Every structure is written in C-alpha cells, then in structure tokens.
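Novice: Quick one: this structure, given as structure tokens, is what I'll be asking you about.
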Amino acid sequence: MQQDKHAALAALLRETGAAHGVYEERELNGVYDQDWPDWYAAYLIEHGLGTILDRPVTTEELSRLLKQSDEAYQQERPNVGWPDYYAQRIIAALG
C-alpha cells in the first residue's frame with residue numbers, strides 16, 4: 001500500500017514538474033519561477049494529492065515541505081530522481 005502511494009505521488013510530482021515547465025515557458029516567458037513551491041503545492045492539491053495521502057493538505061504546509069525537500073535534495077544529492085525523493089519526504093511528513 002505504501003509503495004502504491006509512493007508511486008502515485010512520484011507520478012503526480014513528475015506531472016507537476018512538466019506542467020510547471022510549460023507554465024514557466026508560456027506564462028513567465030522562460031523566466032525561472034522563484035515561487036515554484038507555491039505553484040507546485042496548488043497544482044498537487046488540485047490534482048489529487050489529498051486522495052493519495054488520504055487526508056487534506058494545505059498549500060502552506062505543502063509549499064514549505066517542497067522547499068525543504070528541494071534544499072535537502074540539493075544538499076544530499078541522492079542517487080534517485082527528485083520526484084521519488086520528494087515523494088518519500090512528503091509521505092514521511094504527511095502521509
């Protein structure tokens with residue numbers, strides 16, 4: 001069950017990353033989005049994160065967790081892709 005949750009969340013994170021890339025290109029004219037954690041949080045929640053985790057999540061708590069996950073990922077440089085790394089951290093914190 002936990003493995004299914006992880007796989008679903010990692011897939012949703014990959015989808016979110018792709019959608020955000022389109023957003024940066026089209027809406028921000030290729031400019032890096034400094035507020036990406038807020039955008040990701042809203043997208044993830046709108047696209048079923050609560051169902052995956054089986055609990056409600058606020059954009060504020062998720063945005064903060066995404067920023068922390070990114071900082072940890074950059075520091076640790078783990079041997080897994082960011083979606084799997086973030087999914088593990090999000091499930092550990094919220095799931």
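Chain labels A, B, ... are given in the sequence in which chains occur in the structure tokens; within each chain residues are numbered consecutively from 1, and ligands are likewise numbered from 1 in the order shown.
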Using only C-alpha atoms, which residues sit within 9 Å of stretch 56-69 of chain A once same-chain residues fewer than 5 positions away are excluded, as a VMD selection string?
Specialist: chain A and resid 36 to 42 44 to 45 49 to 51 74 82 85 to 86 89 to 90 93 to 94
Novice: Can you write out the residues you just picked, keeping C-alpha atoms, as a short mmCIF file (atom, residue, chain, number, x, y, z; two decimals), in the first residue's frame?
Specialist:
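For reference, again01.cif as written:
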data_model
loop_
_atom_site.label_atom_id
_atom_site.label_comp_id
_atom_site.auth_asym_id
_atom_site.auth_seq_id
_atom_site.Cartn_x
_atom_site.Cartn_y
_atom_site.Cartn_z
CA TRP A 36 7.63 27.47 -7.65
CA PRO A 37 6.85 25.76 -4.29
CA ASP A 38 3.56 27.68 -4.06
CA TRP A 39 2.68 26.83 -7.67
CA TYR A 40 3.59 23.15 -7.18
CA ALA A 41 1.60 22.97 -3.93
CA ALA A 42 -1.53 24.39 -5.53
CA LEU A 44 -0.58 18.99 -6.44
CA ILE A 45 -3.58 19.70 -4.23
CA LEU A 49 -2.69 14.88 -3.50
CA GLY A 50 -5.29 14.67 -0.72
CA THR A 51 -6.68 11.48 -2.24
CA GLN A 74 20.38 19.81 -3.44
CA TRP A 82 13.75 14.35 -7.40
CA TYR A 85 12.95 11.77 -3.24
CA TYR A 86 10.23 14.38 -2.71
CA ARG A 89 9.72 13.04 2.20
CA ILE A 90 6.13 14.15 1.67
CA ALA A 93 5.81 14.09 6.81
CA LEU A 94 2.15 14.00 5.77
#
Novice: Among stretch 41-82 of chain A, which residues carry a DSSP assignment of helix (DSSP H, G or I), reported as an NGL selection string?
Specialist: :A and (41-46 or 49-53 or 59-76 or 82)
Novice: Interatomic distance between atom CA of A:Ala72 and atom CA of A:Gln88?
Specialist: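 Atom CA of A:Gln88 lies 12.2 Å from atom CA of A:Ala72.
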Novice: Which is closest to A:Ala11 among A:Gly30, A:His47, A:Glu71, A:Asp54, if we use only C-alpha atoms?
Specialist: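 Looking at the shortest contact to A:Ala11, the residue is A:His47.
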Novice: Any idea what's packed within 10 Å of A:Glu15, counting only C-alpha atoms, ignoring anything in its chain fewer than 3 positions away? Could you give it as a list in words?
Specialist: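 Result of the neighbour search: Leu9, Ala10, Ala11, Leu12, Ala18, Ala19, His20, Gly21, Tyr43, Leu44, His47 and Pro83 of chain A.
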Novice: Could you please take those selected residues and save all heavy atoms as an mmCIF file, in the first residue's frame?
Specialist:
data_model
loop_
_atom_site.group_PDB
_atom_site.id
_atom_site.type_symbol
_atom_site.label_atom_id
_atom_site.label_comp_id
_atom_site.auth_asym_id
_atom_site.auth_seq_id
_atom_site.Cartn_x
_atom_site.Cartn_y
_atom_site.Cartn_z
ATOM 1 N N LEU A 9 2.317 9.278 -5.951
ATOM 2 C CA LEU A 9 2.792 10.626 -5.650
ATOM 3 C C LEU A 9 3.976 11.001 -6.539
ATOM 4 O O LEU A 9 4.042 12.123 -7.048
ATOM 5 C CB LEU A 9 3.153 10.759 -4.174
ATOM 6 C CG LEU A 9 3.667 12.121 -3.738
ATOM 7 C CD1 LEU A 9 2.747 13.257 -4.177
ATOM 8 C CD2 LEU A 9 3.840 12.143 -2.224
ATOM 9 N N ALA A 10 4.891 10.080 -6.760
ATOM 10 C CA ALA A 10 6.027 10.365 -7.643
ATOM 11 C C ALA A 10 5.530 10.683 -9.057
ATOM 12 O O ALA A 10 6.031 11.607 -9.699
ATOM 13 C CB ALA A 10 7.003 9.195 -7.648
ATOM 14 N N ALA A 11 4.532 9.949 -9.522
ATOM 15 C CA ALA A 11 3.964 10.217 -10.850
ATOM 16 C C ALA A 11 3.310 11.594 -10.889
ATOM 17 O O ALA A 11 3.465 12.338 -11.864
ATOM 18 C CB ALA A 11 2.961 9.135 -11.227
ATOM 19 N N LEU A 12 2.581 11.940 -9.839
ATOM 20 C CA LEU A 12 1.948 13.258 -9.774
ATOM 21 C C LEU A 12 3.000 14.365 -9.725
ATOM 22 O O LEU A 12 2.829 15.423 -10.337
ATOM 23 C CB LEU A 12 0.991 13.349 -8.579
ATOM 24 C CG LEU A 12 0.241 14.654 -8.418
ATOM 25 C CD1 LEU A 12 -0.572 15.016 -9.667
ATOM 26 C CD2 LEU A 12 -0.664 14.590 -7.185
ATOM 27 N N ALA A 18 6.327 18.785 -15.192
ATOM 28 C CA ALA A 18 6.111 19.043 -16.615
ATOM 29 C C ALA A 18 5.161 20.220 -16.823
ATOM 30 O O ALA A 18 5.412 21.097 -17.652
ATOM 31 C CB ALA A 18 5.568 17.792 -17.299
ATOM 32 N N ALA A 19 4.081 20.251 -16.058
ATOM 33 C CA ALA A 19 3.117 21.352 -16.176
ATOM 34 C C ALA A 19 3.748 22.679 -15.776
ATOM 35 O O ALA A 19 3.489 23.719 -16.392
ATOM 36 C CB ALA A 19 1.885 21.064 -15.320
ATOM 37 N N HIS A 20 4.593 22.641 -14.772
ATOM 38 C CA HIS A 20 5.251 23.875 -14.334
ATOM 39 C C HIS A 20 6.234 24.373 -15.381
ATOM 40 O O HIS A 20 6.379 25.588 -15.581
ATOM 41 C CB HIS A 20 5.950 23.670 -12.994
ATOM 42 C CG HIS A 20 6.477 24.945 -12.425
ATOM 43 N ND1 HIS A 20 7.811 25.271 -12.483
ATOM 44 C CD2 HIS A 20 5.850 25.981 -11.828
ATOM 45 C CE1 HIS A 20 7.985 26.466 -11.934
ATOM 46 N NE2 HIS A 20 6.813 26.917 -11.527
ATOM 47 N N GLY A 21 6.907 23.453 -16.058
ATOM 48 C CA GLY A 21 7.799 23.848 -17.147
ATOM 49 C C GLY A 21 7.045 24.593 -18.238
ATOM 50 O O GLY A 21 7.521 25.604 -18.752
ATOM 51 N N TYR A 43 -0.958 23.074 -7.494
ATOM 52 C CA TYR A 43 -1.199 22.086 -8.546
ATOM 53 C C TYR A 43 -1.389 20.689 -7.949
ATOM 54 O O TYR A 43 -2.320 19.966 -8.311
ATOM 55 C CB TYR A 43 -0.038 22.083 -9.537
ATOM 56 C CG TYR A 43 -0.277 21.214 -10.750
ATOM 57 C CD1 TYR A 43 -0.764 21.767 -11.927
ATOM 58 C CD2 TYR A 43 -0.024 19.840 -10.728
ATOM 59 C CE1 TYR A 43 -0.991 20.986 -13.054
ATOM 60 C CE2 TYR A 43 -0.245 19.048 -11.844
ATOM 61 C CZ TYR A 43 -0.733 19.624 -13.002
ATOM 62 O OH TYR A 43 -0.963 18.840 -14.109
ATOM 63 N N LEU A 44 -0.496 20.309 -7.055
ATOM 64 C CA LEU A 44 -0.582 18.985 -6.440
ATOM 65 C C LEU A 44 -1.905 18.788 -5.705
ATOM 66 O O LEU A 44 -2.536 17.733 -5.826
ATOM 67 C CB LEU A 44 0.586 18.777 -5.472
ATOM 68 C CG LEU A 44 1.953 18.570 -6.117
ATOM 69 C CD1 LEU A 44 3.066 18.808 -5.116
ATOM 70 C CD2 LEU A 44 2.056 17.168 -6.711
ATOM 71 N N HIS A 47 -4.810 18.464 -8.092
ATOM 72 C CA HIS A 47 -4.774 17.256 -8.911
ATOM 73 C C HIS A 47 -4.711 15.959 -8.092
ATOM 74 O O HIS A 47 -4.249 14.931 -8.585
ATOM 75 C CB HIS A 47 -3.619 17.340 -9.914
ATOM 76 C CG HIS A 47 -3.882 18.349 -10.977
ATOM 77 N ND1 HIS A 47 -3.591 19.690 -10.803
ATOM 78 C CD2 HIS A 47 -4.449 18.236 -12.195
ATOM 79 C CE1 HIS A 47 -3.964 20.342 -11.893
ATOM 80 N NE2 HIS A 47 -4.496 19.484 -12.750
ATOM 81 N N PRO A 83 11.530 13.432 -8.104
ATOM 82 C CA PRO A 83 10.149 13.058 -7.770
ATOM 83 C C PRO A 83 10.081 11.947 -6.719
ATOM 84 O O PRO A 83 9.250 12.005 -5.799
ATOM 85 C CB PRO A 83 9.556 12.604 -9.102
ATOM 86 C CG PRO A 83 10.366 13.314 -10.134
ATOM 87 C CD PRO A 83 11.758 13.323 -9.560
#
Novice: Which is closest to A:Ala92 among A:Arg55, A:Gln2, A:Ala8, A:Asp35, if we use only C-alpha atoms?
Specialist: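 Comparing A:Arg55, A:Gln2, A:Ala8, A:Asp35 against A:Ala92, the winner is A:Gln2.
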Novice: How many Å lie between atom CA of A:Val80 and atom CA of A:Glu24, rounded to one decimal?
Specialist: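 Going from atom CA of A:Val80 over to atom CA of A:Glu24 covers 24.5 Å.
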Novice: Quick check, in Å to one decimal: how far apart do atom CA of A:Asp4 and atom CA of A:Ile52 lie?
Specialist: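 If I compute the distance from atom CA of A:Asp4 to atom CA of A:Ile52, I get 9.1 Å.
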